[in-house]
$ cat input10.pdb   # PDB, C-alpha atoms, pLDDT in the B column
MODEL        1
ATOM      1  CA  MET A 434       0.000   0.000   0.000  1.00 52.00           C
ATOM      2  CA  ARG A 435       1.229   3.455  -0.847  1.00 51.00           C
ATOM      3  CA  ILE A 436       0.629   6.204   1.725  1.00 48.00           C
ATOM      4  CA  THR A 437       0.532   9.771   0.470  1.00 50.00           C
ATOM      5  CA  GLU A 438       1.037  12.736   2.783  1.00 55.00           C
ATOM      6  CA  ILE A 439      -1.816  15.218   2.461  1.00 56.00           C
ATOM      7  CA  ALA A 440      -0.930  18.911   2.390  1.00 57.00           C
ATOM      8  CA  LEU A 441      -3.660  21.166   3.744  1.00 58.00           C
ATOM      9  CA  THR A 442      -3.098  24.675   2.467  1.00 60.00           C
ATOM     10  CA  GLY A 443      -3.740  27.053   5.335  1.00 69.00           C
ATOM     11  CA  ARG A 444      -6.128  24.746   7.216  1.00 82.00           C
ATOM     12  CA  ARG A 445      -5.312  22.853  10.390  1.00 91.00           C
ATOM     13  CA  PRO A 446      -6.439  19.244  10.951  1.00 96.00           C
ATOM     14  CA  VAL A 447      -7.551  17.749  14.245  1.00 97.00           C
ATOM     15  CA  ASP A 448      -4.656  15.476  15.228  1.00 95.00           C
ATOM     16  CA  GLY A 449      -6.244  14.197  18.435  1.00 95.00           C
ATOM     17  CA  TYR A 450      -8.881  14.816  21.095  1.00 95.00           C
ATOM     18  CA  GLY A 451      -9.678  14.154  24.768  1.00 90.00           C
ATOM     19  CA  PRO A 452      -9.523  14.370  27.703  1.00 91.00           C
ATOM     20  CA  GLY A 453     -10.831  17.918  27.801  1.00 95.00           C
ATOM     21  CA  GLY A 454      -9.381  19.305  24.593  1.00 97.00           C
ATOM     22  CA  PHE A 455      -7.948  18.877  21.112  1.00 97.00           C
ATOM     23  CA  ARG A 456      -4.572  18.687  19.404  1.00 97.00           C
ATOM     24  CA  ILE A 457      -4.787  20.886  16.311  1.00 96.00           C
ATOM     25  CA  ASP A 458      -1.896  20.765  13.860  1.00 90.00           C
ATOM     26  CA  GLY A 459       0.348  19.403  16.610  1.00 90.00           C
ATOM     27  CA  VAL A 460      -0.599  21.926  19.324  1.00 94.00           C
ATOM     28  CA  TRP A 461      -2.794  21.056  22.356  1.00 96.00           C
ATOM     29  CA  HIS A 462      -5.810  23.312  23.028  1.00 97.00           C
ATOM     30  CA  ALA A 463      -7.813  22.799  26.214  1.00 97.00           C
ATOM     31  CA  GLY A 464     -11.595  23.105  26.029  1.00 97.00           C
ATOM     32  CA  SER A 465     -14.128  23.214  23.221  1.00 97.00           C
ATOM     33  CA  LEU A 466     -13.373  24.762  19.817  1.00 98.00           C
ATOM     34  CA  VAL A 467     -14.917  26.417  16.797  1.00 98.00           C
ATOM     35  CA  LEU A 468     -12.866  25.759  13.637  1.00 97.00           C
ATOM     36  CA  THR A 469     -13.593  27.942  10.593  1.00 97.00           C
ATOM     37  CA  PRO A 470     -11.676  28.737   7.411  1.00 96.00           C
ATOM     38  CA  ASP A 471     -10.465  31.966   9.041  1.00 94.00           C
ATOM     39  CA  GLY A 472      -9.261  30.458  12.310  1.00 94.00           C
ATOM     40  CA  MET A 473      -9.965  28.809  15.604  1.00 96.00           C
ATOM     41  CA  ARG A 474     -11.797  30.050  18.702  1.00 96.00           C
ATOM     42  CA  GLY A 475     -12.283  28.436  22.079  1.00 97.00           C
ATOM     43  CA  PHE A 476     -15.486  28.433  24.098  1.00 96.00           C
ATOM     44  CA  ASP A 477     -16.708  27.223  27.488  1.00 93.00           C
ATOM     45  CA  GLY A 478     -19.892  25.509  28.529  1.00 86.00           C
ATOM     46  CA  PRO A 479     -22.647  23.920  26.482  1.00 91.00           C
ATOM     47  CA  LEU A 480     -23.560  24.766  22.894  1.00 92.00           C
ATOM     48  CA  ARG A 481     -25.315  28.123  22.693  1.00 93.00           C
ATOM     49  CA  PRO A 482     -26.399  30.108  19.628  1.00 93.00           C
ATOM     50  CA  GLU A 483     -23.731  32.809  20.153  1.00 95.00           C
ATOM     51  CA  ILE A 484     -20.989  30.189  19.763  1.00 96.00           C
ATOM     52  CA  PHE A 485     -22.008  29.879  16.097  1.00 97.00           C
ATOM     53  CA  ALA A 486     -21.485  33.613  15.395  1.00 96.00           C
ATOM     54  CA  ALA A 487     -18.096  33.008  13.747  1.00 94.00           C
ATOM     55  CA  VAL A 488     -19.619  30.348  11.502  1.00 97.00           C
ATOM     56  CA  LEU A 489     -22.411  32.715  10.430  1.00 97.00           C
ATOM     57  CA  THR A 490     -19.921  35.551   9.891  1.00 96.00           C
ATOM     58  CA  GLU A 491     -17.983  33.357   7.460  1.00 97.00           C
ATOM     59  CA  ALA A 492     -21.081  31.881   5.780  1.00 97.00           C
ATOM     60  CA  GLY A 493     -19.852  32.754   2.281  1.00 96.00           C
ATOM     61  CA  GLY A 494     -16.894  30.396   2.715  1.00 97.00           C
ATOM     62  CA  ILE A 495     -18.629  27.505   4.492  1.00 98.00           C
ATOM     63  CA  ASP A 496     -20.878  24.855   2.964  1.00 98.00           C
ATOM     64  CA  VAL A 497     -21.311  22.652   6.033  1.00 98.00           C
ATOM     65  CA  VAL A 498     -20.712  22.898   9.774  1.00 98.00           C
ATOM     66  CA  LEU A 499     -20.035  19.716  11.727  1.00 98.00           C
ATOM     67  CA  VAL A 500     -21.344  19.891  15.279  1.00 98.00           C
ATOM     68  CA  GLY A 501     -19.539  17.489  17.611  1.00 97.00           C
ATOM     69  CA  GLN A 502     -21.734  17.216  20.695  1.00 96.00           C
ATOM     70  CA  GLY A 503     -19.571  15.000  22.882  1.00 92.00           C
ATOM     71  CA  ALA A 504     -20.583  11.358  23.351  1.00 90.00           C
ATOM     72  CA  GLU A 505     -24.345  11.973  23.169  1.00 90.00           C
ATOM     73  CA  ILE A 506     -26.136  13.899  20.441  1.00 93.00           C
ATOM     74  CA  ALA A 507     -29.296  15.960  20.575  1.00 93.00           C
ATOM     75  CA  PRO A 508     -31.174  18.178  18.111  1.00 94.00           C
ATOM     76  CA  LEU A 509     -29.780  21.644  17.578  1.00 94.00           C
ATOM     77  CA  ASP A 510     -31.901  24.634  18.593  1.00 93.00           C
ATOM     78  CA  ARG A 511     -34.459  25.142  15.782  1.00 95.00           C
ATOM     79  CA  ALA A 512     -33.849  28.874  15.432  1.00 95.00           C
ATOM     80  CA  LEU A 513     -30.089  28.321  15.243  1.00 96.00           C
ATOM     81  CA  ARG A 514     -30.453  25.556  12.646  1.00 96.00           C
ATOM     82  CA  ALA A 515     -32.771  27.823  10.625  1.00 97.00           C
ATOM     83  CA  ALA A 516     -30.247  30.688  10.799  1.00 97.00           C
ATOM     84  CA  LEU A 517     -27.404  28.435   9.609  1.00 97.00           C
ATOM     85  CA  GLU A 518     -29.452  26.884   6.820  1.00 97.00           C
ATOM     86  CA  GLY A 519     -30.802  30.314   5.858  1.00 97.00           C
ATOM     87  CA  ALA A 520     -27.185  31.431   5.413  1.00 97.00           C
ATOM     88  CA  GLY A 521     -26.616  28.491   3.062  1.00 98.00           C
ATOM     89  CA  ILE A 522     -24.750  26.327   5.602  1.00 98.00           C
ATOM     90  CA  GLY A 523     -25.669  22.673   5.997  1.00 98.00           C
ATOM     91  CA  VAL A 524     -25.607  21.277   9.538  1.00 98.00           C
ATOM     92  CA  GLU A 525     -24.422  17.793  10.509  1.00 98.00           C
ATOM     93  CA  ILE A 526     -24.737  16.750  14.164  1.00 98.00           C
ATOM     94  CA  MET A 527     -22.633  13.855  15.439  1.00 98.00           C
ATOM     95  CA  PRO A 528     -20.490  12.717  18.361  1.00 97.00           C
ATOM     96  CA  THR A 529     -17.275  14.718  18.739  1.00 97.00           C
ATOM     97  CA  ALA A 530     -15.041  11.806  17.696  1.00 96.00           C
ATOM     98  CA  SER A 531     -16.960  11.387  14.437  1.00 97.00           C
ATOM     99  CA  ALA A 532     -16.957  15.139  13.821  1.00 98.00           C
ATOM    100  CA  CYS A 533     -13.150  15.269  14.167  1.00 97.00           C
ATOM    101  CA  ARG A 534     -12.638  12.442  11.678  1.00 97.00           C
ATOM    102  CA  THR A 535     -15.181  13.838   9.218  1.00 98.00           C
ATOM    103  CA  TYR A 536     -13.670  17.328   9.489  1.00 98.00           C
ATOM    104  CA  ASN A 537     -10.242  15.973   8.534  1.00 97.00           C
ATOM    105  CA  VAL A 538     -11.633  14.038   5.566  1.00 96.00           C
ATOM    106  CA  LEU A 539     -13.466  17.102   4.276  1.00 97.00           C
ATOM    107  CA  LEU A 540     -10.358  19.262   4.739  1.00 96.00           C
ATOM    108  CA  ALA A 541      -8.333  16.741   2.736  1.00 95.00           C
ATOM    109  CA  GLU A 542     -10.961  17.013  -0.013  1.00 96.00           C
ATOM    110  CA  ASP A 543     -10.540  20.820   0.070  1.00 95.00           C
ATOM    111  CA  ARG A 544     -14.185  21.232   1.086  1.00 97.00           C
ATOM    112  CA  ARG A 545     -15.606  24.398   2.654  1.00 97.00           C
ATOM    113  CA  VAL A 546     -16.160  23.062   6.160  1.00 98.00           C
ATOM    114  CA  ALA A 547     -16.336  24.384   9.712  1.00 98.00           C
ATOM    115  CA  ALA A 548     -16.619  22.483  12.990  1.00 98.00           C
ATOM    116  CA  VAL A 549     -18.003  23.244  16.428  1.00 98.00           C
ATOM    117  CA  LEU A 550     -16.499  20.666  18.763  1.00 98.00           C
ATOM    118  CA  LEU A 551     -17.422  20.047  22.398  1.00 97.00           C
ATOM    119  CA  ALA A 552     -14.450  18.703  24.334  1.00 96.00           C
ATOM    120  CA  VAL A 553     -14.838  15.145  25.615  1.00 91.00           C
TER     121      VAL A 553
ENDMDL
END
$ encode --input "input10.pdb" --output "structure tokens"
Amino acid sequence: MRITEIALTGRRPVDGYGPGGFRIDGVWHAGSLVLTPDGMRGFDGPLRPEIFAAVLTEAGGIDVVLVGQGAEIAPLDRALRAALEGAGIGVEIMPTASACRTYNVLLAEDRRVAAVLLAV
């Protein structure tokens, strides 16, 4: 089998996660994160609509946001989902581990993706 190194131009993959944070492009970040094409922001506490402000601000460069909700998933607030979809952003809710893996795959495909990841 041939393994090819993937070069991500300007975007940072999730190298690892848990307990309580994420390793992004080789650097450990404690807590939950929002990853967008323009950067990375930390946040505390549960998912709240204001956490998605950066995603909405960058709506023109994002096709889908992956929402990693920890080990358990639940529906996203209806008004928030409507705001994201109204801005042309698809929403995929999944456990954080799945969101990290999916985010990396979509980055490797040069897709316009963002992620909101609750630390596990």
$ residues_around --input "input10.pdb" --residues "A:Cys533" --least-positions-apart "5" --cutoff "10 Å" --atoms "all atoms listed in the file" --output "list of chain:residue names"
A:Pro446, A:Val447, A:Asp448, A:Gly449, A:Tyr450, A:Phe455, A:Leu499, A:Val500, A:Gly501, A:Met527, A:Pro528, A:Val538, A:Ala548, A:Val549, A:Leu550
$ write_last_selection --input "input10.pdb" --atoms "C-alpha atoms" --output "PDB file, in the frame of the given file"
ATOM      1  CA  PRO A 446      -6.439  19.244  10.951  1.00 96.00           C
ATOM      2  CA  VAL A 447      -7.551  17.749  14.245  1.00 97.00           C
ATOM      3  CA  ASP A 448      -4.656  15.476  15.228  1.00 95.00           C
ATOM      4  CA  GLY A 449      -6.244  14.197  18.435  1.00 95.00           C
ATOM      5  CA  TYR A 450      -8.881  14.816  21.095  1.00 95.00           C
ATOM      6  CA  PHE A 455      -7.948  18.877  21.112  1.00 97.00           C
ATOM      7  CA  LEU A 499     -20.035  19.716  11.727  1.00 98.00           C
ATOM      8  CA  VAL A 500     -21.344  19.891  15.279  1.00 98.00           C
ATOM      9  CA  GLY A 501     -19.539  17.489  17.611  1.00 97.00           C
ATOM     10  CA  MET A 527     -22.633  13.855  15.439  1.00 98.00           C
ATOM     11  CA  PRO A 528     -20.490  12.717  18.361  1.00 97.00           C
ATOM     12  CA  VAL A 538     -11.633  14.038   5.566  1.00 96.00           C
ATOM     13  CA  ALA A 548     -16.619  22.483  12.990  1.00 98.00           C
ATOM     14  CA  VAL A 549     -18.003  23.244  16.428  1.00 98.00           C
ATOM     15  CA  LEU A 550     -16.499  20.666  18.763  1.00 98.00           C
TER      16      LEU A 550
END
$ closest_atom_pairs --input "input10.pdb" --of "stretch 507-527 of chain A" --to "stretch 478-498 of chain A" --cutoff "8 Å" --atoms "all atoms listed in the file" --output "JSON lines"
{"residue": "A:Asp510", "atom": "CA", "partner": "A:Pro482", "partner_atom": "CA", "distance": 7.8}
{"residue": "A:Leu513", "atom": "CA", "partner": "A:Pro482", "partner_atom": "CA", "distance": 6.0}
{"residue": "A:Leu517", "atom": "CA", "partner": "A:Leu489", "partner_atom": "CA", "distance": 6.6}
{"residue": "A:Ala520", "atom": "CA", "partner": "A:Ala492", "partner_atom": "CA", "distance": 6.1}
{"residue": "A:Gly521", "atom": "CA", "partner": "A:Asp496", "partner_atom": "CA", "distance": 6.8}
{"residue": "A:Ile522", "atom": "CA", "partner": "A:Asp496", "partner_atom": "CA", "distance": 4.9}
{"residue": "A:Gly523", "atom": "CA", "partner": "A:Val497", "partner_atom": "CA", "distance": 4.4}
{"residue": "A:Val524", "atom": "CA", "partner": "A:Val498", "partner_atom": "CA", "distance": 5.2}
{"residue": "A:Glu525", "atom": "CA", "partner": "A:Val498", "partner_atom": "CA", "distance": 6.4}
$ atom_distance --input "input10.pdb" --atom1 "atom CA of A:Ile526" --atom2 "atom CA of A:Ala504"
11.4 Å
$ atom_distance --input "input10.pdb" --atom1 "atom CA of A:Ala463" --atom2 "atom CA of A:Ile506"
21.2 Å
$ closest_residue --input "input10.pdb" --among "A:Arg545, A:Arg514, A:Arg445, A:Arg534" --to "A:Gly472" --atoms "all atoms listed in the file"
A:Arg445
$ closest_residue --input "input10.pdb" --among "A:Leu539, A:Ala507, A:Val467, A:Ile457" --to "A:Leu551" --atoms "only C-alpha atoms"
A:Val467
$ atom_distance --input "input10.pdb" --atom1 "atom CA of A:Ala547" --atom2 "atom CA of A:Gly453"
20.0 Å
$ closest_residue --input "input10.pdb" --among "A:Pro508, A:Gly519, A:Phe476, A:Leu466" --to "A:Ala532" --atoms "only C-alpha atoms"
A:Leu466
